[in-house]
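K.L.:
I have a structure I would like to understand better, so I am pasting it below and will then ask my questions one at a time.
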Amino acid sequence: KEETEAEQKKSEESEKKKSGKSALSLPKDGLDVGEIAGTVRDFLSDLTDRLRISRLRARVVIGTDDAAQTGILLGQTAALCGIIVPFLENTFDMQDYHVSADADFNADHTEWAFTVNCSIRPISLVRVLLRHGKPMYKLYKKYFK
């Protein structure tokens, strides 16, 4: 029985590698919006007057197996967008941006796309990454398994 389970896991992993797609794995207890917003705010506040954003596009379509959880995540995402977009407008020179969050109650996975065109001096970026690299890596490991 253990060999059969191991073979099934190997076949599932090989199918994922063949498809070339990795999915966002949301924790069962949902997103910790406060942790994400705090980490992003701290990171971006260190880039004040150093970063120029010429174009920003973000789109999230939330979907989970549970419709209630999808609705809760949509509300959290909308709140996060309502906090971060004005912060970006007030902190950086933003010329062109569009951010949208939506829910697909029939989907079982979340889809997202994010594009940003920006400019910064390399030495400023290195300094900020050294200061905030560890908390951002923890967030990455938490939500991208």
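Scheme for the structure tokens: letters A, B, ... for chains in order shown; per-chain residue numbers from 1; ligand numbers from 1 in order shown.
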A:Asp65: which residues within 10 Å, counting only C-alpha atoms, same-chain residues fewer than 3 positions away excluded, as a list in words?
P.N.:
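Residues near the query, excluding close chain neighbours: Ala68, Gln69, Thr70, Phe105, Asn106, Ala107, Asp108 and His109 of chain A.
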K.L.:
Near stretch 123-136 of chain A, counting only C-alpha atoms, which residues have an atom at most 7 Å away, once you skip same-chain residues fewer than 3 positions from it, shown as a list in words?
P.N.:
Thr39, Phe43, Asp46, Ile120, Leu139 and Tyr140 of chain A
K.L.:
Between A:Val33, A:Asp49, A:Tyr137, A:Asp104, which is the closest to A:Ala79 once you count only C-alpha atoms?
P.N.:
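Using only C-alpha atoms, the shortest distance to A:Ala79 belongs to A:Val33.
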K.L.:
A:Trp112: which residues within 8 Å, counting only C-alpha atoms, same-chain residues fewer than 3 positions away excluded, as a PDB file with C-alpha atoms, in the first residue's frame?
P.N.:
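What follows is the written file result.pdb:
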ATOM      1  CA  ALA A  58      -2.563  43.847 -11.191  1.00  0.00           C
ATOM      2  CA  ARG A  59      -5.435  41.390 -11.621  1.00  0.00           C
ATOM      3  CA  VAL A  60      -6.613  38.752  -9.142  1.00  0.00           C
ATOM      4  CA  VAL A  61      -9.427  36.261  -9.705  1.00  0.00           C
TER       5      VAL A  61
END
K.L.:
Would you work out the distance separating atom CA of A:Gly75 from atom CA of A:Tyr97, expressed in Å to one decimal?
P.N.:
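About the pair atom CA of A:Gly75 and atom CA of A:Tyr97: they are 20.9 Å apart.
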K.L.:
Name the residues in contact with A:Ile84 at a cut-off of 9 Å, using only C-alpha atoms, excluding same-chain residues fewer than 3 positions from it; report them as a CSV table (one decimal) with N, CA and C atoms, in the first residue's frame.
P.N.:
chain,number,residue,atom,x,y,z
A,37,ALA,N,0.3,43.1,4.3
A,37,ALA,CA,0.3,44.6,4.2
A,37,ALA,C,1.4,45.2,4.9
A,40,VAL,N,4.8,44.5,3.0
A,40,VAL,CA,4.8,45.3,1.8
A,40,VAL,C,5.0,46.8,2.1
A,41,ARG,N,4.3,47.3,3.1
A,41,ARG,CA,4.4,48.7,3.5
A,41,ARG,C,5.8,49.1,3.9
A,79,ALA,N,-9.8,45.0,0.4
A,79,ALA,CA,-9.3,45.9,1.5
A,79,ALA,C,-7.9,46.1,1.3
A,80,LEU,N,-7.1,45.1,1.0
A,80,LEU,CA,-5.7,45.3,0.7
A,80,LEU,C,-5.4,46.2,-0.4
A,81,CYS,N,-6.2,46.1,-1.5
A,81,CYS,CA,-6.0,47.0,-2.6
A,81,CYS,C,-6.4,48.4,-2.2
A,87,PHE,N,-1.5,54.3,-1.0
A,87,PHE,CA,-0.2,54.5,-0.5
A,87,PHE,C,0.8,54.6,-1.6
A,88,LEU,N,0.7,53.8,-2.7
A,88,LEU,CA,1.6,53.9,-3.8
A,88,LEU,C,1.4,55.3,-4.5
A,89,GLU,N,0.2,55.7,-4.6
A,89,GLU,CA,-0.1,57.0,-5.3
A,89,GLU,C,0.6,58.2,-4.5
K.L.:
DSSP on the backbone, alpha helix (DSSP H) only: what residues of stretch 35-107 of chain A does that give? Format it as number ranges by chain.
P.N.:
A: 35-45, 67-91
K.L.:
Using only C-alpha atoms, which of the listed residues (A:Arg52, A:Lys141, A:Arg121, A:Arg57) sits closest to A:Asp93?
P.N.:
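Of A:Arg52, A:Lys141, A:Arg121, A:Arg57, the one nearest A:Asp93 is A:Arg52, counting only C-alpha atoms.
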K.L.:
Quote the spacing between atom CA of A:Thr91 and atom CA of A:Thr48 in Å to one decimal place.
P.N.:
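That distance, rounded to one decimal, is 5.9 Å.
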K.L.:
Per DSSP on the backbone, what are the strand (DSSP E or B) residues of stretch 43-131 of chain A, as an MDAnalysis selection string?
P.N.:
chainID A and resid 52:62 93:94 97:103 111:119
K.L.:
Could you take the residues named above and write them with C-alpha atoms, as a compact mmCIF listing (two decimals), in the first residue's frame?
P.N.:
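Written out: part.txt:
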# COMPACT_ATOMS: atom_id res chain seq x y z
CA ARG A 52 9.57 55.54 -10.17
CA ILE A 53 6.60 53.44 -11.31
CA SER A 54 5.75 54.12 -14.92
CA ARG A 55 3.13 51.34 -15.31
CA LEU A 56 1.33 49.03 -12.86
CA ARG A 57 -1.18 46.32 -13.74
CA ALA A 58 -2.56 43.85 -11.19
CA ARG A 59 -5.43 41.39 -11.62
CA VAL A 60 -6.61 38.75 -9.14
CA VAL A 61 -9.43 36.26 -9.71
CA ILE A 62 -10.01 34.41 -6.45
CA ASP A 93 5.57 58.93 -8.97
CA MET A 94 2.92 56.69 -10.60
CA TYR A 97 -2.00 51.99 -13.11
CA HIS A 98 -4.93 49.58 -12.99
CA VAL A 99 -5.70 47.17 -10.12
CA SER A 100 -8.66 44.77 -10.05
CA ALA A 101 -9.84 41.96 -7.78
CA ASP A 102 -12.68 39.61 -8.63
CA ALA A 103 -14.01 36.23 -7.51
CA GLU A 111 -5.42 33.17 -10.75
CA TRP A 112 -3.39 36.34 -10.66
CA ALA A 113 -1.30 38.51 -12.94
CA PHE A 114 1.00 41.33 -11.94
CA THR A 115 3.07 43.62 -14.17
CA VAL A 116 5.08 46.64 -13.11
CA ASN A 117 7.49 48.83 -15.03
CA CYS A 118 9.71 50.79 -12.69
CA SER A 119 13.17 52.29 -12.33
K.L.:
Under the rule that only C-alpha atoms are counted, which of A:Asp32, A:Gly38, A:Phe144, A:Leu47 is the nearest residue to A:Ile83?
P.N.:
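Looking at the shortest contact to A:Ile83, the residue is A:Gly38.
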K.L.:
Could you work out how far atom CA of A:Gln76 lies from atom CA of A:Leu51, giving the answer in Å with one decimal?
P.N.:
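Rounded to one decimal, the two atoms are 26.7 Å apart.
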